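Asks: So that you have it, the file is run33.txt, and it contains compact mmCIF, C-alpha atoms and all ligand atoms:
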```txt
# COMPACT_ATOMS: atom_id res chain seq x y z
CA MET A 1 -16.87 -38.27 9.02
CA ARG A 2 -16.03 -39.44 12.57
CA SER A 3 -13.76 -38.05 15.30
CA GLU A 4 -11.02 -40.12 16.94
CA ASP A 5 -13.42 -41.28 19.66
CA GLY A 6 -15.89 -42.50 17.03
CA LYS A 7 -18.44 -39.66 17.27
CA GLU A 8 -19.95 -38.44 14.05
CA ILE A 9 -18.74 -34.93 13.09
CA ILE A 10 -21.51 -32.79 11.63
CA MET A 11 -19.98 -30.65 8.89
CA GLN A 12 -21.50 -27.20 8.40
CA PRO A 13 -22.53 -26.67 4.74
CA LYS A 14 -20.87 -23.62 3.20
CA GLN A 15 -21.10 -21.79 -0.08
CA CYS A 16 -18.93 -19.27 -1.88
CA MET A 17 -20.31 -16.06 -3.32
CA PHE A 18 -18.12 -16.47 -6.40
CA LEU A 19 -18.63 -20.11 -7.25
CA ASN A 20 -22.41 -19.83 -7.49
CA TYR A 21 -21.98 -17.46 -10.44
CA ASN A 22 -19.65 -19.70 -12.47
CA TYR A 23 -16.66 -17.45 -12.91
CA PHE A 24 -14.13 -18.16 -15.64
CA ILE A 25 -11.13 -15.89 -15.08
CA PRO A 26 -8.57 -16.13 -17.85
CA GLY A 27 -5.29 -14.27 -17.67
CA ALA A 28 -1.71 -14.55 -18.83
CA ASN A 29 1.65 -15.03 -17.23
CA LYS A 30 5.16 -15.65 -18.52
CA ASP A 31 4.25 -19.22 -19.52
CA GLY A 32 1.15 -18.29 -21.52
CA ASN A 33 -2.56 -18.44 -20.71
CA HIS A 34 -3.90 -19.65 -17.40
CA PHE A 35 -7.30 -19.49 -15.78
CA ARG A 36 -8.86 -19.38 -12.34
CA TYR A 37 -12.31 -19.84 -10.88
CA CYS A 38 -12.01 -17.24 -8.11
CA CYS A 39 -10.11 -14.00 -7.60
CA VAL A 40 -8.70 -14.87 -4.20
CA GLY A 41 -5.01 -15.76 -4.14
CA LYS A 42 -5.46 -19.16 -2.52
CA GLY A 43 -7.57 -20.39 -5.42
CA LYS A 44 -5.57 -22.57 -7.78
CA LYS A 45 -4.38 -21.25 -11.14
CA PHE A 46 -4.81 -23.77 -13.93
CA PRO A 47 -2.47 -23.82 -16.91
CA THR A 48 -4.19 -23.65 -20.27
CA ASN A 49 -4.24 -26.48 -22.74
CA GLY A 50 -4.47 -23.81 -25.45
CA SER A 51 -8.18 -24.01 -26.18
CA ILE A 52 -10.77 -21.68 -24.63
CA GLU A 53 -13.45 -24.38 -24.92
CA ASP A 54 -11.36 -26.92 -23.02
CA ASP A 55 -10.24 -24.41 -20.40
CA TYR A 56 -13.81 -23.26 -19.83
CA ALA A 57 -15.09 -26.85 -19.51
CA GLU A 58 -12.30 -27.68 -17.06
CA CYS A 59 -13.07 -24.60 -14.99
CA MET A 60 -16.80 -25.43 -14.78
CA LYS A 61 -15.99 -29.02 -13.84
CA TYR A 62 -13.81 -27.83 -10.99
CA ILE A 63 -16.41 -25.31 -9.80
CA ALA A 64 -19.07 -28.04 -9.65
CA ILE A 65 -16.78 -30.25 -7.57
CA ARG A 66 -15.79 -27.39 -5.24
CA ARG A 67 -19.42 -26.30 -4.78
CA GLU A 68 -20.43 -29.84 -3.92
CA GLU A 69 -17.54 -30.25 -1.46
CA LEU A 70 -18.30 -26.94 0.26
CA GLY A 71 -21.93 -28.02 0.53
CA ARG A 72 -20.68 -30.99 2.55
CA GLY A 73 -18.55 -28.71 4.71
CA ILE A 74 -15.22 -29.71 3.14
CA LEU A 75 -13.42 -26.36 2.98
CA GLY A 76 -9.96 -27.26 1.61
CA THR A 77 -8.20 -24.21 0.15
CA CYS A 78 -11.31 -22.09 0.86
CA ARG A 79 -10.81 -22.31 4.63
CA ASP A 80 -10.99 -18.87 6.29
CA CYS A 81 -11.97 -17.17 3.06
CA GLN A 82 -14.17 -14.11 3.67
CA PHE A 83 -16.44 -15.05 0.76
CA LEU A 84 -17.70 -18.21 2.46
CA VAL A 85 -21.18 -18.04 3.94
CA ASP A 86 -23.46 -20.65 5.47
CA GLY A 87 -25.73 -22.82 3.38
CA VAL A 88 -25.50 -25.00 0.30
CA GLY A 89 -24.53 -23.20 -2.91
CA LYS A 90 -26.83 -23.12 -5.91
CA ASP A 91 -25.91 -22.61 -9.53
CA LYS A 92 -27.21 -19.11 -10.28
CA GLN A 93 -27.30 -19.90 -14.01
CA GLN A 94 -25.06 -16.93 -14.75
CA ASN A 95 -22.00 -17.26 -16.97
CA SER A 96 -19.46 -14.85 -15.54
CA PHE A 97 -16.16 -13.82 -17.04
CA ILE A 98 -13.40 -11.66 -15.63
CA LEU A 99 -10.83 -10.88 -18.29
CA ASN A 100 -7.69 -10.37 -16.31
CA SER A 101 -4.25 -9.00 -16.88
CA GLY A 102 -1.85 -9.68 -19.66
CA LEU A 103 -4.11 -11.27 -22.29
CA PRO A 104 -3.19 -10.37 -25.87
CA GLY A 105 -5.29 -7.43 -27.04
CA GLY A 106 -5.79 -6.35 -23.45
CA ASP A 107 -2.20 -5.79 -22.47
CA LYS A 108 -1.69 -2.05 -22.89
CA CYS A 109 -2.47 0.73 -20.49
CA ASN A 110 -2.20 4.51 -20.56
CA ALA A 111 -1.54 4.76 -16.82
CA GLY A 112 1.18 3.17 -14.66
CA CYS A 113 -0.52 2.57 -11.29
CA ILE A 114 2.06 1.70 -8.66
CA TYR A 115 0.00 -1.29 -7.47
CA CYS A 116 -0.78 -2.83 -10.86
CA ASP A 117 0.27 -6.42 -11.65
CA SER A 118 -0.50 -6.08 -15.36
CA LEU A 119 2.67 -4.10 -15.89
CA GLU A 120 4.64 -7.30 -15.32
CA ASN A 121 3.07 -9.28 -18.16
CA LYS A 122 5.20 -9.24 -21.24
CA ASN A 123 4.95 -12.67 -22.82
CA GLN A 124 1.75 -12.50 -24.83
CA GLU A 125 3.29 -14.39 -27.73
CA LYS A 126 3.07 -17.54 -25.61
CA CYS A 127 -0.69 -17.16 -25.17
CA LYS A 128 -2.98 -19.16 -27.40
CA TYR A 129 -5.93 -16.81 -27.03
CA GLY A 130 -6.60 -13.18 -26.17
CA VAL A 131 -9.47 -10.87 -25.24
CA LEU A 132 -11.06 -10.76 -28.69
CA ASP A 133 -11.04 -14.58 -28.98
CA ILE A 134 -12.78 -14.76 -25.62
CA PHE A 135 -15.42 -12.22 -26.65
CA LYS A 136 -16.11 -14.21 -29.83
CA TYR A 137 -16.27 -17.46 -27.86
CA VAL A 138 -18.73 -15.99 -25.36
CA ARG A 139 -20.86 -14.46 -28.11
CA GLY A 140 -21.02 -17.79 -29.94
CA ASN A 141 -21.71 -20.06 -26.98
CA PHE A 142 -23.94 -18.33 -24.42
CA GLU A 143 -27.31 -16.64 -24.36
CA SER A 144 -26.53 -12.94 -23.98
CA GLU A 145 -28.87 -12.46 -21.04
CA THR A 146 -26.99 -15.09 -18.99
CA VAL A 147 -23.60 -13.40 -19.46
CA TYR A 148 -21.82 -11.11 -17.01
CA MET A 149 -18.59 -9.70 -18.46
CA SER A 150 -16.00 -7.93 -16.37
CA TYR A 151 -13.26 -6.34 -18.44
CA ALA A 152 -10.16 -5.85 -16.31
CA SER A 153 -7.43 -6.58 -18.82
CA ALA A 154 -5.41 -3.36 -18.81
CA GLU A 155 -7.06 -0.45 -20.63
CA ILE A 156 -9.78 -1.23 -23.16
CA THR A 157 -9.70 2.21 -24.83
CA VAL A 158 -6.10 1.70 -26.01
CA SER A 159 -6.46 -1.97 -26.98
CA ASN A 160 -5.76 -2.61 -30.64
CA CYS A 161 -9.12 -4.40 -30.80
CA CYS A 162 -11.12 -1.85 -28.79
CA GLY A 163 -13.51 -1.17 -31.69
CA GLU A 164 -14.27 -4.88 -32.27
CA LEU A 165 -14.69 -5.61 -28.56
CA LEU A 166 -17.14 -2.79 -28.04
CA ASP A 167 -18.98 -3.56 -31.25
CA ILE A 168 -19.62 -7.09 -29.95
CA TRP A 169 -20.60 -5.79 -26.50
CA ASN A 170 -22.93 -3.13 -27.94
CA LYS A 171 -24.70 -5.81 -30.00
CA THR A 172 -24.93 -8.51 -27.33
CA LYS A 173 -25.71 -6.07 -24.50
CA TRP A 174 -24.12 -8.35 -21.90
CA ARG A 175 -24.37 -7.12 -18.34
CA GLY A 176 -21.01 -6.33 -16.80
CA LYS A 177 -18.36 -3.88 -15.86
CA ILE A 178 -15.42 -2.17 -17.55
CA PHE A 179 -12.43 -1.16 -15.45
CA THR A 180 -10.95 1.83 -17.22
CA SER A 181 -8.37 4.46 -16.35
CA GLY A 182 -10.75 7.12 -17.69
CA ILE A 183 -7.84 8.94 -19.32
CA LYS A 184 -9.28 8.50 -22.80
CA TYR A 185 -12.96 9.10 -23.60
CA CYS A 186 -14.56 6.48 -25.84
CA GLY A 187 -17.81 7.03 -27.77
CA GLU A 188 -18.54 3.28 -28.01
CA ILE A 189 -18.35 2.99 -24.22
CA SER A 190 -20.76 5.88 -23.96
CA ASP A 191 -23.14 4.08 -26.36
CA LEU A 192 -22.87 0.93 -24.25
CA LEU A 193 -23.73 2.78 -21.05
CA ASN A 194 -26.68 4.42 -22.74
CA ASN A 195 -28.04 1.33 -24.48
CA ALA A 196 -27.34 -1.70 -22.28
CA ASP A 197 -28.86 -2.29 -18.86
CA GLY A 198 -26.56 -3.48 -16.11
CA VAL A 199 -23.28 -2.16 -17.50
CA SER A 200 -21.12 0.14 -15.40
CA LEU A 201 -17.66 1.68 -15.47
CA ASN A 202 -15.19 1.46 -12.64
CA ILE A 203 -12.55 4.17 -12.52
CA SER A 204 -9.85 4.15 -9.86
CA LEU A 205 -9.13 7.77 -9.08
CA ASP A 206 -7.40 6.95 -5.77
CA SER A 207 -6.97 10.65 -5.04
CA GLY A 208 -8.68 13.97 -4.64
CA THR A 209 -5.89 16.08 -6.14
CA ALA A 210 -3.82 16.11 -9.32
CA GLU A 211 -0.64 15.90 -7.28
CA THR A 212 -1.55 12.66 -5.50
CA TYR A 213 -3.02 11.21 -8.69
CA LYS A 214 0.31 11.71 -10.47
CA LYS A 215 2.25 10.00 -7.68
CA ILE A 216 0.03 6.92 -7.83
CA LYS A 217 -0.70 6.69 -11.55
CA ARG A 218 2.66 8.00 -12.75
CA VAL A 219 0.94 10.10 -15.41
CA ASN A 220 -0.26 13.67 -15.17
CA LYS A 221 -3.85 13.06 -16.27
CA PHE A 222 -6.10 13.93 -13.35
CA ASP A 223 -7.95 16.67 -15.24
CA ALA A 224 -8.36 14.45 -18.30
CA VAL A 225 -10.03 11.76 -16.17
CA ILE A 226 -12.44 14.23 -14.57
CA ASP A 227 -13.29 15.52 -18.04
CA THR A 228 -13.96 11.97 -19.27
CA ILE A 229 -16.15 11.12 -16.29
CA ASN A 230 -18.23 14.20 -16.94
CA ARG A 231 -18.89 13.04 -20.50
CA TYR A 232 -20.27 9.61 -19.49
CA ARG A 233 -23.59 8.81 -17.84
CA LYS A 234 -22.55 9.44 -14.26
CA ASP A 235 -25.17 7.15 -12.77
CA LYS A 236 -23.27 4.28 -14.45
CA VAL A 237 -19.84 5.29 -13.15
CA GLU A 238 -18.26 3.93 -9.97
CA LEU A 239 -15.30 5.87 -8.59
CA LYS A 240 -12.75 3.91 -6.63
CA TYR A 241 -10.29 4.77 -3.88
CA ASN A 242 -7.59 2.19 -3.19
CA LEU A 243 -6.02 2.96 0.16
CA ILE A 244 -2.25 3.12 -0.22
CA HIS A 245 -0.05 3.81 2.77
CA GLY A 246 2.09 6.92 2.32
CA TYR A 247 0.37 8.01 -0.89
CA ASN A 248 -3.30 8.75 -0.24
CA SER A 249 -3.48 7.78 3.44
CA GLU A 250 -4.26 11.29 4.70
CA GLU A 251 -7.69 12.31 5.89
CA VAL A 252 -7.50 15.50 3.85
CA GLU A 253 -6.98 13.53 0.62
CA ILE A 254 -10.00 11.38 1.39
CA GLU A 255 -12.07 14.50 2.02
CA LYS A 256 -11.00 16.05 -1.28
CA PHE A 257 -11.85 12.84 -3.14
CA LEU A 258 -15.30 12.67 -1.56
CA ASP A 259 -15.95 16.38 -2.19
CA LEU A 260 -15.19 15.71 -5.84
CA CYS A 261 -17.52 12.70 -5.84
CA ALA A 262 -20.29 14.77 -4.27
CA ALA A 263 -19.94 17.24 -7.14
CA ILE A 264 -19.82 14.51 -9.83
CA GLY A 265 -22.64 12.29 -8.49
CA PRO A 266 -21.40 8.77 -9.44
CA LYS A 267 -23.44 5.58 -8.98
CA PHE A 268 -21.39 4.99 -5.83
CA VAL A 269 -17.81 5.13 -4.59
CA CYS A 270 -15.78 1.98 -3.99
CA LEU A 271 -13.35 1.70 -1.15
CA SER A 272 -10.63 -0.90 -1.48
CA ASN A 273 -7.16 -1.62 -0.20
CA ASN A 274 -3.90 -1.71 -2.10
CA GLN A 275 -3.81 -5.36 -3.15
CA ASN A 276 -0.08 -5.65 -2.40
CA GLU A 277 -0.25 -4.19 1.10
CA GLN A 278 -1.42 -6.20 4.10
CA GLY A 279 0.20 -4.10 6.87
CA HIS A 280 -0.78 -0.84 8.61
CA LEU A 281 -3.93 -2.52 9.83
CA ASP A 282 -5.04 0.06 12.39
CA GLU A 283 -4.29 2.93 10.03
CA LYS A 284 -6.36 1.27 7.29
CA LEU A 285 -9.17 0.62 9.73
CA HIS A 286 -9.22 4.24 10.89
CA LEU A 287 -9.12 5.57 7.32
CA ALA A 288 -11.88 3.22 6.17
CA GLU A 289 -14.11 4.37 9.03
CA TYR A 290 -13.26 8.00 8.28
CA PHE A 291 -14.02 7.47 4.59
CA ILE A 292 -17.42 5.95 5.38
CA GLU A 293 -18.39 8.73 7.80
CA ILE A 294 -17.45 11.52 5.36
CA ALA A 295 -19.24 9.73 2.51
CA TYR A 296 -22.33 9.55 4.71
CA LYS A 297 -22.12 13.27 5.46
CA ARG A 298 -21.81 14.04 1.73
CA GLY A 299 -24.76 11.74 0.87
CA ILE A 300 -22.63 9.33 -1.20
CA LYS A 301 -23.21 5.57 -1.32
CA VAL A 302 -20.18 3.38 -0.59
CA ASN A 303 -19.41 -0.06 -1.98
CA LEU A 304 -16.74 -1.79 0.07
CA THR A 305 -14.69 -4.12 -2.06
CA LEU A 306 -13.41 -6.42 0.57
CA ASP A 307 -11.15 -8.82 -1.22
CA TYR A 308 -7.98 -6.81 -0.72
CA PHE A 309 -8.44 -5.89 2.93
CA HIS A 310 -6.76 -8.00 5.56
CA ASN A 311 -9.27 -10.24 7.37
CA TYR A 312 -8.74 -8.32 10.63
CA THR A 313 -9.52 -4.94 9.04
CA PHE A 314 -12.37 -6.34 7.00
CA GLN A 315 -14.14 -7.80 10.05
CA LYS A 316 -13.67 -4.60 12.07
CA ILE A 317 -15.01 -2.41 9.24
CA LYS A 318 -18.00 -4.69 8.91
CA ASP A 319 -18.69 -4.53 12.64
CA TYR A 320 -18.37 -0.74 12.54
CA VAL A 321 -21.00 -0.45 9.80
CA VAL A 322 -23.36 -3.06 11.22
CA ASN A 323 -23.34 -1.36 14.63
CA LYS A 324 -24.32 2.02 13.22
CA PRO A 325 -27.83 1.70 11.75
CA TYR A 326 -27.57 5.04 9.88
CA LEU A 327 -24.76 3.52 7.78
CA ASN A 328 -26.61 0.35 6.80
CA ASP A 329 -28.38 1.93 3.84
CA ILE A 330 -25.37 3.70 2.38
CA VAL A 331 -22.69 1.01 2.72
CA LYS A 332 -22.80 -2.18 0.69
CA PHE A 333 -20.34 -5.04 0.88
CA GLU A 334 -19.43 -6.30 -2.53
CA TYR A 335 -20.35 -9.97 -3.11
CA LYS A 336 -22.46 -10.12 0.10
S1 LIG A 401 -11.10 -19.23 -1.96
FE1 LIG A 401 -12.88 -17.99 -1.36
S2 LIG A 401 -13.54 -16.94 -3.21
FE2 LIG A 401 -12.23 -18.64 -3.83
S3 LIG A 401 -13.60 -20.35 -4.23
FE3 LIG A 401 -12.94 -20.53 -2.10
S4 LIG A 401 -14.51 -19.47 -0.90
FE4 LIG A 401 -14.71 -18.84 -3.03
```
Have the structure of the file written as structure tokens, please.
Replies:
Amino acid sequence: MRSEDGKEIIMQPKQCMFLNYNYFIPGANKDGNHFRYCCVGKGKKFPTNGSIEDDYAECMKYIAIRREELGRGILGTCRDCQFLVDGVGKDKQQNSFILNSGLPGGDKCNAGCIYCDSLENKNQEKCKYGVLDIFKYVRGNFESETVYMSYASAEITVSNCCGELLDIWNKTKWRGKIFTSGIKYCGEISDLLNNADGVSLNISLDSGTAETYKKIKRVNKFDAVIDTINRYRKDKVELKYNLIHGYNSEEVEIEKFLDLCAAIGPKFVCLSNNQNEQGHLDEKLHLAEYFIEIAYKRGIKVNLTLDYFHNYTFQKIKDYVVNKPYLNDIVKFEYK
């Protein structure tokens, strides 16, 4: 490429932390199935043609094109994305799946989180495939050791195909993660955590007290969740705190949450932002720094899930951690 005065423009090769892992992210909306190749809003959503095979092939085709373009420095819709890093992307030979909201079989939940998009999905009859079809497709088409499965389609323990899903997962032993409310204990999940390497649970507690939990989740199940957590292998459980202005944005709530975590001993705690909230930047920055410092004092590892933080906050939090060497070992940045 050349500039207006004829000089050659050297394009900096870039790569995306998602694309290298070949993500297929199916979900549902009011028109039926759709799929994406990245979780960031700017990434295009593709309408289904009704077949998982065709959708998957289309997704991989697009990922290959995007990876090649980024490698030549052509950023397109990825411009300014926080998941871009320098260098040419390589196919990591992993087949990654994030089963997202609204898919048939994965459309029910036993909580009502105030920030959840899944609650809006009501048109499953228009979808041509659901979570169980995807599990069967993955089982039949990929070597188990290459698969990473992330189950984020409402609440797996109340799905009408929970038993079949977990039977497949227990046999294939895919690596991956289950996002669960933790309200209902499930023996098959416990088996999975005990028998498969590289599987973890992610539970959003978002609170350190029953009172705050109820305001955010709209169910009175704080004690039930703590009971469930205590019945699973705790070194496979990640506990999450989504910062929500006006709900859990008090230092004392953060302290109570981290005290609880110190008593439970999870794999690590995740700090995220309310996905629908991009304001209150300085408040979020202060609370994130406070969270990290208290976690350090309690000896708890922190995983910062960055995708929902505003770019300004995200960069400042990163700088804060990088400039304090004692935090480097306890804070990880997801995807980096
Ligand atoms: S928008 Fe970001 S996460 Fe999505 S493909 Fe581009 S660089 Fe990757």
Asks: Sort by chain and increasing residue number a table of all residues of chain A within 9 Å of ligand LIG 401 (chain A), each with its closest pair of atoms and their distance in Å to one decimal, counting only C-alpha atoms and all ligand atoms, and write it as JSON lines.
Replies:
```
{"residue": "A:Lys14", "atom": "CA", "partner": "A:LIG401", "partner_atom": "S4", "distance": 8.6}
{"residue": "A:Gln15", "atom": "CA", "partner": "A:LIG401", "partner_atom": "S4", "distance": 7.0}
{"residue": "A:Cys16", "atom": "CA", "partner": "A:LIG401", "partner_atom": "FE4", "distance": 4.4}
{"residue": "A:Met17", "atom": "CA", "partner": "A:LIG401", "partner_atom": "FE4", "distance": 6.3}
{"residue": "A:Phe18", "atom": "CA", "partner": "A:LIG401", "partner_atom": "FE4", "distance": 5.3}
{"residue": "A:Leu19", "atom": "CA", "partner": "A:LIG401", "partner_atom": "S3", "distance": 5.9}
{"residue": "A:Asn20", "atom": "CA", "partner": "A:LIG401", "partner_atom": "FE4", "distance": 9.0}
{"residue": "A:Tyr37", "atom": "CA", "partner": "A:LIG401", "partner_atom": "S3", "distance": 6.8}
{"residue": "A:Cys38", "atom": "CA", "partner": "A:LIG401", "partner_atom": "FE2", "distance": 4.5}
{"residue": "A:Cys39", "atom": "CA", "partner": "A:LIG401", "partner_atom": "S2", "distance": 6.3}
{"residue": "A:Val40", "atom": "CA", "partner": "A:LIG401", "partner_atom": "FE2", "distance": 5.2}
{"residue": "A:Gly41", "atom": "CA", "partner": "A:LIG401", "partner_atom": "S1", "distance": 7.3}
{"residue": "A:Lys42", "atom": "CA", "partner": "A:LIG401", "partner_atom": "S1", "distance": 5.7}
{"residue": "A:Gly43", "atom": "CA", "partner": "A:LIG401", "partner_atom": "S1", "distance": 5.1}
{"residue": "A:Lys44", "atom": "CA", "partner": "A:LIG401", "partner_atom": "FE2", "distance": 8.7}
{"residue": "A:Ile63", "atom": "CA", "partner": "A:LIG401", "partner_atom": "S3", "distance": 8.0}
{"residue": "A:Arg66", "atom": "CA", "partner": "A:LIG401", "partner_atom": "S3", "distance": 7.4}
{"residue": "A:Arg67", "atom": "CA", "partner": "A:LIG401", "partner_atom": "S3", "distance": 8.3}
{"residue": "A:Leu70", "atom": "CA", "partner": "A:LIG401", "partner_atom": "S4", "distance": 8.5}
{"residue": "A:Leu75", "atom": "CA", "partner": "A:LIG401", "partner_atom": "FE3", "distance": 7.7}
{"residue": "A:Gly76", "atom": "CA", "partner": "A:LIG401", "partner_atom": "FE3", "distance": 8.2}
{"residue": "A:Thr77", "atom": "CA", "partner": "A:LIG401", "partner_atom": "S1", "distance": 6.1}
{"residue": "A:Cys78", "atom": "CA", "partner": "A:LIG401", "partner_atom": "FE3", "distance": 3.7}
{"residue": "A:Arg79", "atom": "CA", "partner": "A:LIG401", "partner_atom": "S4", "distance": 7.2}
{"residue": "A:Asp80", "atom": "CA", "partner": "A:LIG401", "partner_atom": "FE1", "distance": 7.9}
{"residue": "A:Cys81", "atom": "CA", "partner": "A:LIG401", "partner_atom": "FE1", "distance": 4.6}
{"residue": "A:Gln82", "atom": "CA", "partner": "A:LIG401", "partner_atom": "FE1", "distance": 6.5}
{"residue": "A:Phe83", "atom": "CA", "partner": "A:LIG401", "partner_atom": "FE1", "distance": 5.1}
{"residue": "A:Leu84", "atom": "CA", "partner": "A:LIG401", "partner_atom": "S4", "distance": 4.8}
{"residue": "A:Val85", "atom": "CA", "partner": "A:LIG401", "partner_atom": "S4", "distance": 8.4}
{"residue": "A:Asp307", "atom": "CA", "partner": "A:LIG401", "partner_atom": "S2", "distance": 8.7}
```
Asks: Taking only C-alpha atoms into account, name the residue in A:Lys267, A:Lys136, A:His286, A:Arg218 that is nearest to Ile300 in chain A.
Replies: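 For Ile300 in chain A, the nearest of the candidates is A:Lys267.
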Asks: Counting all atoms listed in the file, figure out which residue out of A:Lys45, A:Lys297, A:His310, A:Arg233 gets nearest to Ser272 in chain A.
Replies: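 Ranked by minimum distance to Ser272 in chain A, first place goes to A:His310.
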Asks: Tell me, in Å to one decimal, how far CA of Gln275 in chain A is from CA of Asn230 in chain A.
Replies: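 CA of Asn230 in chain A lies at a distance of 27.9 Å from CA of Gln275 in chain A.
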Asks: Could you list, as a ChimeraX atom specification, every residue within 10 Å of Lys171 in chain A, counting only C-alpha atoms and ignoring same-chain residues fewer than 3 positions away?
Replies: /A:139,144,166-168,174,192,195-196
Asks: Would you save the residues of that selection, restricted to C-alpha atoms, as a short mmCIF file (atom, residue, chain, number, x, y, z; two decimals), in the frame of the given file?
Replies:
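As a result, selection_25.cif now contains:
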```cif
data_model
loop_
_atom_site.label_atom_id
_atom_site.label_comp_id
_atom_site.auth_asym_id
_atom_site.auth_seq_id
_atom_site.Cartn_x
_atom_site.Cartn_y
_atom_site.Cartn_z
CA ARG A 139 -20.86 -14.46 -28.11
CA SER A 144 -26.53 -12.94 -23.98
CA LEU A 166 -17.14 -2.79 -28.04
CA ASP A 167 -18.98 -3.56 -31.25
CA ILE A 168 -19.62 -7.09 -29.95
CA TRP A 174 -24.12 -8.35 -21.90
CA LEU A 192 -22.87 0.93 -24.25
CA ASN A 195 -28.04 1.33 -24.48
CA ALA A 196 -27.34 -1.70 -22.28
#
```
Asks: Kindly give the distance, in Å, that separates CA of Asn276 in chain A and CA of His245 in chain A, rounded to a single decimal.
Replies: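 Interatomic distance here is 10.8 Å.
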Asks: Using the partial input, fill out range 15-27 of chain A with N, CA and C atoms; write the result as a PDB file, in the frame of the given file.
Replies:
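Written file, result_1.pdb:
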```
ATOM      1  N   GLN A  15     -21.086 -22.131   1.345  1.00  0.00           N
ATOM      2  CA  GLN A  15     -21.100 -21.790  -0.080  1.00  0.00           C
ATOM      3  C   GLN A  15     -20.237 -20.551  -0.295  1.00  0.00           C
ATOM      4  N   CYS A  16     -19.794 -20.406  -1.527  1.00  0.00           N
ATOM      5  CA  CYS A  16     -18.930 -19.270  -1.880  1.00  0.00           C
ATOM      6  C   CYS A  16     -19.709 -18.331  -2.793  1.00  0.00           C
ATOM      7  N   MET A  17     -19.572 -17.043  -2.535  1.00  0.00           N
ATOM      8  CA  MET A  17     -20.310 -16.060  -3.320  1.00  0.00           C
ATOM      9  C   MET A  17     -19.831 -15.977  -4.774  1.00  0.00           C
ATOM     10  N   PHE A  18     -18.612 -16.451  -5.018  1.00  0.00           N
ATOM     11  CA  PHE A  18     -18.120 -16.470  -6.400  1.00  0.00           C
ATOM     12  C   PHE A  18     -18.618 -17.696  -7.158  1.00  0.00           C
ATOM     13  N   LEU A  19     -18.424 -18.852  -6.522  1.00  0.00           N
ATOM     14  CA  LEU A  19     -18.630 -20.110  -7.250  1.00  0.00           C
ATOM     15  C   LEU A  19     -20.051 -20.243  -7.779  1.00  0.00           C
ATOM     16  N   ASN A  20     -21.021 -19.705  -7.057  1.00  0.00           N
ATOM     17  CA  ASN A  20     -22.410 -19.830  -7.490  1.00  0.00           C
ATOM     18  C   ASN A  20     -22.663 -19.145  -8.835  1.00  0.00           C
ATOM     19  N   TYR A  21     -21.782 -18.227  -9.195  1.00  0.00           N
ATOM     20  CA  TYR A  21     -21.980 -17.460 -10.440  1.00  0.00           C
ATOM     21  C   TYR A  21     -21.078 -17.939 -11.579  1.00  0.00           C
ATOM     22  N   ASN A  22     -20.417 -19.076 -11.381  1.00  0.00           N
ATOM     23  CA  ASN A  22     -19.650 -19.700 -12.470  1.00  0.00           C
ATOM     24  C   ASN A  22     -18.639 -18.766 -13.126  1.00  0.00           C
ATOM     25  N   TYR A  23     -17.673 -18.364 -12.363  1.00  0.00           N
ATOM     26  CA  TYR A  23     -16.660 -17.450 -12.910  1.00  0.00           C
ATOM     27  C   TYR A  23     -15.572 -18.201 -13.675  1.00  0.00           C
ATOM     28  N   PHE A  24     -15.283 -17.713 -14.860  1.00  0.00           N
ATOM     29  CA  PHE A  24     -14.130 -18.160 -15.640  1.00  0.00           C
ATOM     30  C   PHE A  24     -13.213 -16.941 -15.731  1.00  0.00           C
ATOM     31  N   ILE A  25     -12.013 -17.058 -15.194  1.00  0.00           N
ATOM     32  CA  ILE A  25     -11.130 -15.890 -15.080  1.00  0.00           C
ATOM     33  C   ILE A  25      -9.821 -16.166 -15.807  1.00  0.00           C
ATOM     34  N   PRO A  26      -9.807 -15.886 -17.103  1.00  0.00           N
ATOM     35  CA  PRO A  26      -8.570 -16.130 -17.850  1.00  0.00           C
ATOM     36  C   PRO A  26      -7.589 -14.972 -17.690  1.00  0.00           C
ATOM     37  N   GLY A  27      -6.329 -15.290 -17.743  1.00  0.00           N
ATOM     38  CA  GLY A  27      -5.290 -14.270 -17.670  1.00  0.00           C
ATOM     39  C   GLY A  27      -4.038 -14.811 -18.347  1.00  0.00           C
TER      40      GLY A  27
END
```
